[in-house]
>>> print(open('input_10.csv').read())   # CSV, C-alpha atoms and all ligand atoms
chain,number,residue,atom,x,y,z
A,270,MET,CA,6.9,31.7,14.1
A,271,ALA,CA,6.1,29.3,11.2
A,272,THR,CA,8.5,26.3,11.1
A,273,GLU,CA,10.1,25.5,7.9
A,274,LYS,CA,8.6,22.5,6.1
A,275,LYS,CA,10.6,19.3,5.8
A,276,ILE,CA,11.0,18.2,2.2
A,277,VAL,CA,10.2,14.5,1.7
A,278,LEU,CA,11.5,13.4,-1.7
A,279,VAL,CA,10.1,10.2,-3.2
A,280,THR,CA,12.2,8.8,-6.0
A,281,GLY,CA,10.2,6.6,-8.4
A,282,GLY,CA,7.1,8.4,-7.0
A,283,SER,CA,5.1,7.9,-10.2
A,284,GLY,CA,5.0,4.1,-10.0
A,285,LEU,CA,2.8,1.6,-8.1
A,286,VAL,CA,4.4,2.0,-4.6
A,287,GLY,CA,4.9,5.8,-5.0
A,288,ASN,CA,1.2,6.2,-5.8
A,289,GLY,CA,0.4,3.9,-2.9
A,290,ILE,CA,2.2,6.3,-0.5
A,291,ARG,CA,0.4,9.3,-2.2
A,292,LEU,CA,-3.0,7.7,-2.1
A,293,ALA,CA,-2.6,6.5,1.5
A,294,MET,CA,-1.7,10.1,2.6
A,295,LYS,CA,-4.7,11.5,0.6
A,296,GLU,CA,-7.3,8.9,1.8
A,297,ARG,CA,-6.1,8.3,5.4
A,298,PRO,CA,-6.2,11.6,7.2
A,299,HIS,CA,-4.3,10.4,10.3
A,300,LEU,CA,-1.2,10.3,8.1
A,301,GLN,CA,-1.3,14.0,7.1
A,302,ARG,CA,1.2,16.5,8.6
A,303,ASP,CA,1.4,20.2,8.0
A,304,ASP,CA,5.1,20.4,8.5
A,305,GLU,CA,6.0,18.2,5.6
A,306,GLU,CA,6.1,18.8,1.9
A,307,TRP,CA,6.1,15.6,-0.2
A,308,ILE,CA,7.5,15.6,-3.7
A,309,PHE,CA,6.9,12.6,-5.9
A,310,LEU,CA,9.4,12.2,-8.7
A,311,SER,CA,9.3,10.4,-12.0
A,312,SER,CA,12.2,9.7,-14.5
A,313,LYS,CA,11.1,12.8,-16.3
A,314,ASP,CA,12.4,14.9,-13.4
A,315,ALA,CA,15.9,13.3,-13.6
A,316,ASP,CA,17.4,10.1,-15.0
A,317,LEU,CA,18.8,8.7,-11.7
A,318,MET,CA,21.2,6.5,-13.8
A,319,ASP,CA,23.0,9.8,-14.5
A,320,LYS,CA,25.2,10.8,-11.5
A,321,GLN,CA,25.4,14.5,-12.4
A,322,ALA,CA,21.6,14.7,-13.0
A,323,THR,CA,21.0,13.0,-9.6
A,324,LEU,CA,23.3,15.5,-7.8
A,325,GLY,CA,21.7,18.4,-9.7
A,326,LEU,CA,18.2,17.2,-8.5
A,327,PHE,CA,19.3,17.1,-4.9
A,328,GLU,CA,21.0,20.5,-5.2
A,329,LYS,CA,17.7,21.9,-6.5
A,330,LEU,CA,15.2,20.3,-4.1
A,331,LYS,CA,17.4,20.0,-0.9
A,332,PRO,CA,15.4,17.1,0.6
A,333,THR,CA,15.3,16.6,4.4
A,334,TYR,CA,14.1,13.0,4.0
A,335,VAL,CA,14.1,10.6,1.0
A,336,ILE,CA,12.1,7.5,0.2
A,337,HIS,CA,14.0,5.8,-2.6
A,338,LEU,CA,11.7,3.7,-4.8
A,339,ALA,CA,13.1,4.3,-8.3
A,340,ALA,CA,14.2,1.1,-9.9
A,341,LEU,CA,13.9,-1.2,-12.9
A,342,VAL,CA,11.0,-3.3,-11.7
A,343,GLY,CA,9.2,-6.3,-13.3
A,344,GLY,CA,7.5,-9.6,-12.8
A,345,LEU,CA,9.0,-13.1,-13.2
A,346,PHE,CA,9.0,-13.0,-17.0
A,347,ARG,CA,10.7,-9.6,-17.4
A,348,ASN,CA,13.4,-10.7,-14.8
A,349,LEU,CA,14.1,-14.0,-16.6
A,350,LYS,CA,14.9,-12.0,-19.8
A,351,TYR,CA,16.9,-9.1,-18.5
A,352,ASN,CA,19.0,-10.2,-15.4
A,353,LEU,CA,21.9,-8.0,-16.6
A,354,ASP,CA,19.9,-4.9,-17.0
A,355,PHE,CA,18.2,-5.5,-13.6
A,356,TYR,CA,21.6,-5.8,-12.0
A,357,ARG,CA,23.4,-2.8,-13.7
A,358,ASN,CA,20.6,-0.3,-13.8
A,359,ASN,CA,19.6,-0.8,-10.2
A,360,THR,CA,23.2,-0.8,-9.0
A,361,ILE,CA,23.9,2.5,-10.7
A,362,ILE,CA,20.6,4.1,-9.6
A,363,ASN,CA,21.1,3.0,-6.0
A,364,ASP,CA,24.8,4.2,-5.9
A,365,ASN,CA,23.8,7.6,-7.3
A,366,VAL,CA,20.9,8.1,-4.9
A,367,LEU,CA,22.6,7.0,-1.7
A,368,HIS,CA,25.7,9.0,-2.6
A,369,ALA,CA,23.6,12.1,-3.2
A,370,CYS,CA,21.7,11.6,0.1
A,371,LYS,CA,25.1,11.5,1.9
A,372,GLU,CA,26.5,14.5,0.0
A,373,PHE,CA,23.4,16.7,0.8
A,374,GLY,CA,23.0,15.6,4.4
A,375,VAL,CA,19.7,13.9,4.1
A,376,LYS,CA,18.5,13.2,7.7
A,377,LYS,CA,16.9,9.8,6.9
A,378,LEU,CA,16.7,7.6,3.8
A,379,VAL,CA,14.3,4.6,3.4
A,380,SER,CA,15.1,2.4,0.4
A,381,CYS,CA,13.1,-0.6,-0.9
A,382,LEU,CA,14.3,-4.2,-1.1
A,383,SER,CA,11.9,-7.1,-1.8
A,384,THR,CA,11.2,-10.6,-0.4
A,385,CYS,CA,12.2,-12.1,-3.8
A,386,ILE,CA,15.8,-11.3,-3.0
A,387,PHE,CA,16.1,-13.8,-0.2
A,388,PRO,CA,18.1,-17.1,-0.6
A,389,ASP,CA,16.3,-19.6,-2.7
A,390,LYS,CA,17.2,-22.5,-0.4
A,391,THR,CA,16.2,-21.4,3.0
A,392,THR,CA,14.1,-22.3,6.1
A,393,TYR,CA,10.7,-20.7,6.5
A,394,PRO,CA,9.5,-18.2,7.5
A,395,ILE,CA,12.2,-15.9,6.1
A,396,ASP,CA,13.2,-13.1,8.4
A,397,GLU,CA,15.3,-9.9,8.1
A,398,THR,CA,18.5,-11.6,9.3
A,399,MET,CA,18.6,-13.9,6.2
A,400,VAL,CA,19.1,-11.4,3.3
A,401,HIS,CA,22.7,-12.5,2.5
A,402,ASN,CA,22.5,-16.2,3.6
A,403,GLY,CA,22.8,-17.8,0.1
A,404,PRO,CA,22.1,-17.4,-3.6
A,405,PRO,CA,18.7,-16.0,-4.6
A,406,HIS,CA,16.4,-17.8,-7.0
A,407,ASP,CA,18.1,-18.0,-10.4
A,408,SER,CA,15.1,-16.3,-12.2
A,409,ASN,CA,15.9,-12.9,-10.8
A,410,PHE,CA,19.5,-13.0,-9.5
A,411,GLY,CA,20.4,-9.7,-11.2
A,412,TYR,CA,17.6,-7.7,-9.4
A,413,SER,CA,18.3,-9.6,-6.1
A,414,PHE,CA,22.0,-9.0,-5.9
A,415,ALA,CA,21.6,-5.3,-6.8
A,416,LYS,CA,18.9,-4.9,-4.1
A,417,ARG,CA,21.0,-6.8,-1.5
A,418,MET,CA,23.8,-4.3,-2.0
A,419,ILE,CA,21.5,-1.5,-0.7
A,420,ASP,CA,21.7,-3.2,2.7
A,421,VAL,CA,25.5,-3.3,2.4
A,422,LEU,CA,25.5,0.4,1.4
A,423,ASN,CA,23.2,1.4,4.3
A,424,ARG,CA,25.5,-0.3,6.8
A,425,ALA,CA,28.7,1.1,5.3
A,426,TYR,CA,27.3,4.7,5.1
A,427,HIS,CA,26.2,4.4,8.7
A,428,LYS,CA,29.6,3.1,9.9
A,429,GLN,CA,31.7,5.4,7.9
A,430,HIS,CA,29.6,8.6,7.9
A,431,GLY,CA,26.9,8.1,10.6
A,432,CYS,CA,24.1,8.2,7.9
A,433,ASN,CA,20.6,7.2,8.9
A,434,PHE,CA,19.9,5.0,5.9
A,435,THR,CA,17.6,2.0,6.2
A,436,ALA,CA,15.4,-0.2,4.0
A,437,VAL,CA,12.0,-1.9,3.9
A,438,ILE,CA,11.4,-5.4,2.4
A,439,PRO,CA,7.9,-5.6,1.0
A,440,THR,CA,6.3,-8.8,-0.4
A,441,ASN,CA,4.3,-8.8,-3.7
A,442,VAL,CA,2.7,-5.4,-4.1
A,443,PHE,CA,-0.5,-4.6,-6.1
A,444,GLY,CA,-2.9,-1.7,-6.4
A,445,PRO,CA,-3.8,1.3,-8.6
A,446,TYR,CA,-1.1,2.6,-11.0
A,447,ASP,CA,0.5,-0.9,-11.3
A,448,ASN,CA,2.1,-2.0,-14.6
A,449,PHE,CA,-0.6,-4.1,-16.3
A,450,ASN,CA,1.7,-5.1,-19.2
A,451,LEU,CA,1.5,-8.9,-19.7
A,452,GLU,CA,5.2,-9.5,-20.5
A,453,ASP,CA,6.7,-7.0,-17.9
A,454,GLY,CA,4.3,-6.8,-15.0
A,455,HIS,CA,3.6,-8.8,-11.9
A,456,VAL,CA,1.0,-11.6,-11.5
A,457,LEU,CA,-2.0,-9.7,-10.1
A,458,PRO,CA,-2.0,-6.9,-12.7
A,459,GLY,CA,-1.3,-9.6,-15.3
A,460,LEU,CA,-4.3,-11.6,-14.2
A,461,ILE,CA,-6.6,-8.6,-14.2
A,462,HIS,CA,-5.5,-7.6,-17.7
A,463,LYS,CA,-6.1,-11.2,-19.0
A,464,VAL,CA,-9.6,-11.4,-17.5
A,465,TYR,CA,-10.4,-8.0,-19.1
A,466,LYS,CA,-9.2,-9.4,-22.5
A,467,ALA,CA,-11.0,-12.7,-22.1
A,468,LYS,CA,-14.3,-10.9,-21.3
A,469,LYS,CA,-13.8,-8.6,-24.3
A,470,GLU,CA,-12.9,-11.4,-26.7
A,471,GLY,CA,-15.1,-14.2,-25.2
A,472,SER,CA,-12.0,-16.3,-24.9
A,473,ASP,CA,-10.5,-18.5,-22.1
A,474,PHE,CA,-8.6,-16.9,-19.2
A,475,THR,CA,-5.1,-18.4,-19.1
A,476,VAL,CA,-3.1,-18.4,-15.9
A,477,TRP,CA,0.6,-19.0,-16.4
A,478,GLY,CA,2.3,-21.9,-14.6
A,479,THR,CA,0.6,-24.5,-12.4
A,480,GLY,CA,-1.1,-22.0,-10.0
A,481,SER,CA,0.5,-23.8,-7.0
A,482,PRO,CA,3.2,-21.2,-6.0
A,483,LEU,CA,2.4,-19.2,-2.8
A,484,ARG,CA,2.6,-15.4,-2.4
A,485,GLN,CA,1.9,-12.9,0.4
A,486,PHE,CA,0.3,-9.9,-1.4
A,487,ILE,CA,0.3,-6.4,0.1
A,488,TYR,CA,-2.1,-3.7,-1.0
A,489,SER,CA,-0.1,-0.6,-2.2
A,490,LEU,CA,-2.0,1.8,0.2
A,491,ASP,CA,-1.2,-0.4,3.2
A,492,LEU,CA,2.5,-0.5,2.1
A,493,GLY,CA,2.3,3.3,1.6
A,494,GLU,CA,1.1,3.8,5.2
A,495,LEU,CA,3.8,1.5,6.6
A,496,MET,CA,6.5,3.2,4.6
A,497,ILE,CA,5.4,6.6,6.0
A,498,TRP,CA,5.6,5.0,9.5
A,499,THR,CA,9.1,3.6,8.6
A,500,LEU,CA,10.3,7.1,7.6
A,501,ARG,CA,8.9,8.8,10.7
A,502,SER,CA,9.4,6.2,13.4
A,503,TYR,CA,11.4,3.1,12.5
A,504,PRO,CA,14.7,3.4,14.4
A,505,GLU,CA,17.0,0.8,13.0
A,506,ILE,CA,19.5,0.7,10.1
A,507,ASP,CA,18.7,-3.0,9.6
A,508,PRO,CA,15.9,-3.6,7.2
A,509,ILE,CA,12.3,-4.5,8.1
A,510,ILE,CA,9.9,-6.9,6.3
A,511,LEU,CA,6.5,-5.2,5.5
A,512,SER,CA,4.1,-8.0,4.9
A,513,VAL,CA,0.8,-9.5,5.8
A,514,GLY,CA,1.1,-12.5,8.1
A,515,GLU,CA,2.1,-16.0,7.1
A,516,GLU,CA,-1.5,-17.2,7.5
A,517,ASP,CA,-2.5,-14.7,4.8
A,518,GLU,CA,-0.3,-16.3,2.1
A,519,VAL,CA,-2.4,-17.4,-1.0
A,520,SER,CA,-1.7,-19.6,-4.0
A,521,ILE,CA,-1.6,-18.1,-7.5
A,522,LYS,CA,-4.8,-20.2,-8.1
A,523,GLN,CA,-6.6,-18.6,-5.2
A,524,ALA,CA,-5.4,-15.2,-6.5
A,525,ALA,CA,-6.8,-16.0,-9.9
A,526,GLU,CA,-10.1,-17.0,-8.4
A,527,MET,CA,-10.3,-13.7,-6.5
A,528,VAL,CA,-9.8,-11.8,-9.8
A,529,VAL,CA,-12.4,-13.9,-11.5
A,530,GLU,CA,-14.9,-13.1,-8.7
A,531,ALA,CA,-14.0,-9.4,-8.6
A,532,MET,CA,-14.5,-9.1,-12.4
A,533,ASP,CA,-17.5,-11.4,-12.5
A,534,PHE,CA,-15.9,-13.6,-15.2
A,535,LYS,CA,-18.0,-16.5,-16.3
A,536,GLY,CA,-15.7,-18.2,-18.9
A,537,ASN,CA,-13.1,-21.0,-18.7
A,538,VAL,CA,-10.0,-20.7,-16.6
A,539,VAL,CA,-7.0,-22.7,-17.9
A,540,TYR,CA,-3.5,-23.1,-16.7
A,541,ASP,CA,-0.5,-23.0,-19.1
A,542,THR,CA,2.0,-25.2,-17.4
A,543,SER,CA,4.6,-24.6,-20.2
A,544,LYS,CA,5.2,-21.3,-18.5
A,545,SER,CA,7.6,-20.9,-15.5
A,546,ASP,CA,6.3,-21.1,-11.9
A,547,GLY,CA,9.3,-19.2,-10.6
A,548,GLN,CA,10.0,-19.5,-6.9
A,549,HIS,CA,7.5,-21.8,-5.2
A,550,LYS,CA,7.3,-19.6,-2.1
A,551,LYS,CA,9.1,-16.9,-0.2
A,552,THR,CA,7.0,-17.0,3.0
A,553,ALA,CA,8.1,-14.1,5.2
A,554,SER,CA,7.7,-13.4,8.9
A,555,ASN,CA,6.2,-10.1,9.9
A,556,ALA,CA,7.1,-10.6,13.5
A,557,LYS,CA,9.4,-7.6,13.6
A,558,LEU,CA,6.7,-5.4,12.1
A,559,ARG,CA,4.2,-6.7,14.6
A,560,LYS,CA,6.6,-5.9,17.4
A,561,TYR,CA,6.6,-2.2,16.4
A,562,CYS,CA,3.0,-1.9,15.0
A,563,PRO,CA,0.9,-4.6,16.8
A,564,ASP,CA,-2.4,-2.9,15.8
A,565,PHE,CA,-1.9,-2.2,12.1
A,566,LYS,CA,-4.8,-3.5,10.1
A,567,PHE,CA,-4.1,-4.8,6.6
A,568,THR,CA,-6.9,-4.4,4.0
A,569,ASP,CA,-8.5,-7.7,3.3
A,570,THR,CA,-7.0,-9.1,0.0
A,571,ARG,CA,-10.4,-9.7,-1.6
A,572,THR,CA,-11.4,-6.1,-0.9
A,573,ALA,CA,-8.1,-4.7,-2.2
A,574,ILE,CA,-8.3,-6.8,-5.4
A,575,LYS,CA,-11.8,-5.4,-6.0
A,576,ASP,CA,-10.7,-1.8,-5.4
A,577,THR,CA,-7.8,-2.4,-7.8
A,578,VAL,CA,-10.1,-3.9,-10.5
A,579,ASP,CA,-12.5,-0.9,-10.0
A,580,TRP,CA,-9.5,1.5,-10.5
A,581,PHE,CA,-8.4,-0.4,-13.6
A,582,GLU,CA,-11.8,-0.4,-15.2
A,583,LYS,CA,-12.3,3.3,-14.4
A,584,ASN,CA,-8.9,4.3,-15.8
A,585,ILE,CA,-8.7,1.9,-18.7
A,586,GLU,CA,-7.7,4.7,-21.2
A,587,THR,CA,-4.6,5.6,-19.2
A,588,VAL,CA,-3.4,2.4,-17.4
A,589,ARG,CA,0.1,1.2,-18.1
A,590,PHE,CA,-0.3,-1.8,-20.6
B,601,LIG,P1,7.1,0.9,-10.9
B,601,LIG,O1,5.6,1.0,-10.8
B,601,LIG,O2,7.7,0.2,-12.1
B,601,LIG,O3,7.8,2.3,-10.7
B,601,LIG,C1,9.1,2.5,-10.9
B,601,LIG,C2,9.5,3.9,-10.6
B,601,LIG,O4,10.9,4.1,-10.8
B,601,LIG,C3,8.7,4.9,-11.6
B,601,LIG,O5,8.4,6.1,-10.9
B,601,LIG,C4,9.8,5.2,-12.6
B,601,LIG,O6,9.7,6.5,-13.3
B,601,LIG,C5,11.1,5.2,-11.7
B,601,LIG,N1,12.3,5.0,-12.5
B,601,LIG,C6,12.7,3.9,-13.1
B,601,LIG,N2,13.9,4.1,-13.7
B,601,LIG,C7,14.3,5.4,-13.4
B,601,LIG,C8,15.4,6.2,-13.7
B,601,LIG,N3,16.4,5.7,-14.4
B,601,LIG,N4,15.5,7.4,-13.2
B,601,LIG,C9,14.5,7.9,-12.4
B,601,LIG,N5,13.4,7.2,-12.1
B,601,LIG,C10,13.3,5.9,-12.6
B,601,LIG,O7,7.7,0.1,-9.7
B,601,LIG,P2,7.1,-0.1,-8.2
B,601,LIG,O8,6.4,-1.5,-8.2
B,601,LIG,O9,6.4,1.1,-7.8
B,601,LIG,O10,8.4,-0.4,-7.4
B,601,LIG,C11,8.9,0.7,-6.5
B,601,LIG,C12,10.0,0.1,-5.6
B,601,LIG,O11,9.4,-1.0,-4.8
B,601,LIG,C13,11.2,-0.6,-6.3
B,601,LIG,O12,12.3,-0.2,-5.7
B,601,LIG,C14,10.9,-2.0,-6.3
B,601,LIG,O13,12.0,-2.8,-6.3
B,601,LIG,C15,10.2,-2.2,-4.9
B,601,LIG,N6,9.3,-3.3,-4.8
B,601,LIG,C16,8.2,-3.5,-5.6
B,601,LIG,C17,7.4,-4.7,-5.5
B,601,LIG,C18,6.3,-5.0,-6.4
B,601,LIG,O14,5.6,-6.0,-6.2
B,601,LIG,N7,5.9,-4.1,-7.3
B,601,LIG,C19,7.7,-5.6,-4.4
B,601,LIG,C20,8.8,-5.3,-3.6
B,601,LIG,C21,9.6,-4.2,-3.8
B,601,LIG,P3,8.7,6.6,-14.6
B,601,LIG,O15,7.3,6.5,-14.1
B,601,LIG,O16,9.0,7.9,-15.1
B,601,LIG,O17,9.1,5.5,-15.5
B,602,LIG,P1,7.4,-13.2,-8.4
B,602,LIG,O1,6.5,-13.2,-7.2
B,602,LIG,O2,8.6,-12.4,-8.2
B,602,LIG,O3,7.7,-14.6,-8.9
B,602,LIG,O4,6.7,-12.4,-9.6
B,602,LIG,P2,5.2,-12.4,-10.2
B,602,LIG,O5,4.4,-11.4,-9.6
B,602,LIG,O6,5.5,-12.2,-11.7
B,602,LIG,O7,4.5,-13.8,-10.0
B,602,LIG,C1,4.9,-14.9,-10.7
B,602,LIG,C2,4.0,-16.1,-10.3
B,602,LIG,O8,2.7,-15.9,-10.9
B,602,LIG,C3,4.6,-17.3,-11.1
B,602,LIG,O9,4.2,-18.5,-10.3
B,602,LIG,C4,3.8,-17.3,-12.4
B,602,LIG,O10,3.8,-18.6,-13.0
B,602,LIG,C5,2.4,-16.9,-11.9
B,602,LIG,N1,1.6,-16.2,-13.0
B,602,LIG,C6,0.4,-16.7,-13.4
B,602,LIG,N2,-0.1,-15.8,-14.4
B,602,LIG,C7,0.8,-14.8,-14.5
B,602,LIG,C8,0.8,-13.6,-15.2
B,602,LIG,O11,-0.1,-13.3,-16.0
B,602,LIG,N3,1.8,-12.7,-15.1
B,602,LIG,C9,2.9,-13.0,-14.2
B,602,LIG,N4,3.9,-12.1,-14.0
B,602,LIG,N5,2.9,-14.2,-13.4
B,602,LIG,C10,1.9,-15.0,-13.6
>>> encode(input="input_10.csv", output="structure tokens")
Amino acid sequence: MATEKKIVLVTGGSGLVGNGIRLAMKERPHLQRDDEEWIFLSSKDADLMDKQATLGLFEKLKPTYVIHLAALVGGLFRNLKYNLDFYRNNTIINDNVLHACKEFGVKKLVSCLSTCIFPDKTTYPIDETMVHNGPPHDSNFGYSFAKRMIDVLNRAYHKQHGCNFTAVIPTNVFGPYDNFNLEDGHVLPGLIHKVYKAKKEGSDFTVWGTGSPLRQFIYSLDLGELMIWTLRSYPEIDPIILSVGEEDEVSIKQAAEMVVEAMDFKGNVVYDTSKSDGQHKKTASNAKLRKYCPDFKFTDTRTAIKDTVDWFEKNIETVRF
């Protein structure tokens, strides 16, 4: 007798991380399973800020499992401008989605936090126990407090209703289908966009800030694979950091140099120090991940940046600018 397929719903499935999951499943055969049907949603399927629309979507699709990615997302400069929107939109979306998961008996939910929500003043490396230890960096307090409340909701839904809701904490993500808009996006897509423009116009390549801040970058397909593992195998309600090791942290300057190399840019590289550096670092420990997945191999950052640049150049007509 054929077993019924489990429906895996991915909210925010049309974005960077959603496509990372989709591409990982497509390109890494060991992740494929016959007993699952994956549905990747965009805001066109339902506005998750609307409670009735969210409940209607769950009623229609009846998911067994949910990966919740949908959020207002942006790099440092978008966060600096719209802290209120980041707080309100994300709080409303998260409340609607987690409530719908409980109402429709979803067996497991994995939501997405971020390492930028950790306390600004902290000891390093940061680990999963420190999410609520002190105020986040002022540049993105709206996004950070909204995200931290997912962890509160997960614990409360578990305690009061026995729900199996957990969360992952990724570091800076990059890859195909990123937002390459200069004002709104994150640093790597921003740098790729700027080198593309500088090559086209014969102008300088301007990196914002001093270039000294440090970041751990994770390739979206690696994150996708680890999120699939989280959904299928991670047993805790407490969140887990999904990150490359501390030794793989790079400066913004080094990241800019990797983009220059990947795009074979021969012009001048300049630093606009009038622009904010944001948080200097948010070095995270991946010891918990390594305890569960000691053998997972991350894609080398140089290779992943080259793959992202190739994707960007091939899809230049349709990329998000
Ligand atoms: P993204 O590329 O901007 O994608 C955002 C997704 O959310 C899109 O699918 C978008 O749909 C959907 N969405 C936004 N508002 C919505 C609404 N009101 N109703 C329904 N869907 C809505 O973002 P991402 O980088 O993939 O981020 C995914 C998750 O990872 C987020 O929770 C984010 O906080 C987390 N995260 C990201 C990073 C990073 O570096 N990017 C790092 C750590 C954690 P449309 O395509 O239709 O607009
Ligand atoms: P964050 O990791 O949350 O701070 O977000 P971002 O991905 O936006 O990275 C911000 C860091 O990259 C800051 O130190 C910025 O000064 C630096 N940066 C350099 N050039 C750019 C750029 O073109 N776009 C963005 N978003 N950041 C840049």
>>> closest_residue(input="input_10.csv", among="A:Ala525, A:Leu422, A:Ala531, A:Leu500", to="A:Thr333", atoms="all atoms listed in the file")
A:Leu500
>>> residues_near_point(input="input_10.csv", point="(12.5, -9.6, -4.8)", cutoff="8 Å", atoms="only C-alpha atoms", output="ChimeraX atom specification")
/A:382-387,409,412-413,416,440
>>> closest_residue(input="input_10.csv", among="A:Ile509, A:Val476, A:Gly493, A:Asn448", to="A:Asp541", atoms="all atoms listed in the file")
A:Val476
>>> residues_around(input="input_10.csv", residues="A:Thr360", least_positions_apart="3", cutoff="9 Å", atoms="all atoms listed in the file", output="count of residues only")
13
>>> closest_residue(input="input_10.csv", among="A:Pro332, A:Gly281, A:Gly536, A:Gly480", to="A:Lys468", atoms="all atoms listed in the file")
A:Gly536
>>> residues_near_point(input="input_10.csv", point="(2.4, -9.9, -15.1)", cutoff="8 Å", atoms="only C-alpha atoms", output="list of chain:residue names")
A:Gly343, A:Gly344, A:Leu345, A:Phe346, A:Asn448, A:Phe449, A:Asn450, A:Leu451, A:Glu452, A:Asp453, A:Gly454, A:His455, A:Val456, A:Leu457, A:Pro458, A:Gly459, A:Leu460
>>> residues_around(input="input_10.csv", residues="stretch 547-557 of chain A", least_positions_apart="5", cutoff="8 Å", atoms="all atoms listed in the file", output="list of chain:residue names")
A:Leu345, A:Thr384, A:Cys385, A:Phe387, A:Asp389, A:Tyr393, A:Pro394, A:Ile395, A:Asp396, A:His406, A:Ser408, A:Thr440, A:Ser481, A:Pro482, A:Leu483, A:Arg484, A:Gln485, A:Ile509, A:Ile510, A:Leu511, A:Ser512, A:Val513, A:Gly514, A:Glu515, A:Glu518
>>> closest_atom_pairs(input="input_10.csv", of="chain A", to="ligand LIG 601 (chain B)", cutoff="8 Å", atoms="only C-alpha atoms and all ligand atoms", output="CSV")
residue,atom,partner,partner_atom,distance
A:Thr280,CA,B:LIG601,N5,6.4
A:Gly281,CA,B:LIG601,O5,3.1
A:Gly282,CA,B:LIG601,O5,4.7
A:Ser283,CA,B:LIG601,O5,3.8
A:Gly284,CA,B:LIG601,O1,3.3
A:Leu285,CA,B:LIG601,O9,3.6
A:Val286,CA,B:LIG601,O9,3.9
A:Gly287,CA,B:LIG601,O9,5.7
A:Asn288,CA,B:LIG601,O9,7.6
A:Leu310,CA,B:LIG601,O5,6.6
A:Ser311,CA,B:LIG601,O16,4.0
A:Ser312,CA,B:LIG601,C9,3.6
A:Lys313,CA,B:LIG601,O16,5.5
A:Asp314,CA,B:LIG601,C9,7.4
A:Ala315,CA,B:LIG601,C9,5.7
A:Asp316,CA,B:LIG601,N4,3.8
A:Leu317,CA,B:LIG601,N4,3.9
A:Met318,CA,B:LIG601,N3,4.9
A:Asp319,CA,B:LIG601,N3,7.8
A:His337,CA,B:LIG601,O12,7.0
A:Leu338,CA,B:LIG601,O12,4.0
A:Ala339,CA,B:LIG601,O4,3.3
A:Ala340,CA,B:LIG601,C6,4.5
A:Leu341,CA,B:LIG601,C6,5.2
A:Val342,CA,B:LIG601,O2,4.8
A:Gly343,CA,B:LIG601,O2,6.8
A:Gly344,CA,B:LIG601,O14,7.8
A:Asn358,CA,B:LIG601,N3,7.3
A:Ile362,CA,B:LIG601,N3,6.6
A:Ser380,CA,B:LIG601,O12,7.2
A:Cys381,CA,B:LIG601,O12,4.9
A:Leu382,CA,B:LIG601,C21,5.4
A:Ser383,CA,B:LIG601,C20,4.0
A:Thr384,CA,B:LIG601,C20,6.6
A:Cys385,CA,B:LIG601,C20,7.6
A:Lys416,CA,B:LIG601,O13,7.5
A:Ile438,CA,B:LIG601,C20,6.5
A:Pro439,CA,B:LIG601,C20,4.7
A:Thr440,CA,B:LIG601,C19,5.3
A:Asn441,CA,B:LIG601,O14,4.0
A:Val442,CA,B:LIG601,O14,3.6
A:Phe443,CA,B:LIG601,O14,6.3
A:Tyr446,CA,B:LIG601,O1,6.9
A:Asp447,CA,B:LIG601,O1,5.5
A:Asn448,CA,B:LIG601,O1,6.0
A:His455,CA,B:LIG601,O14,6.7
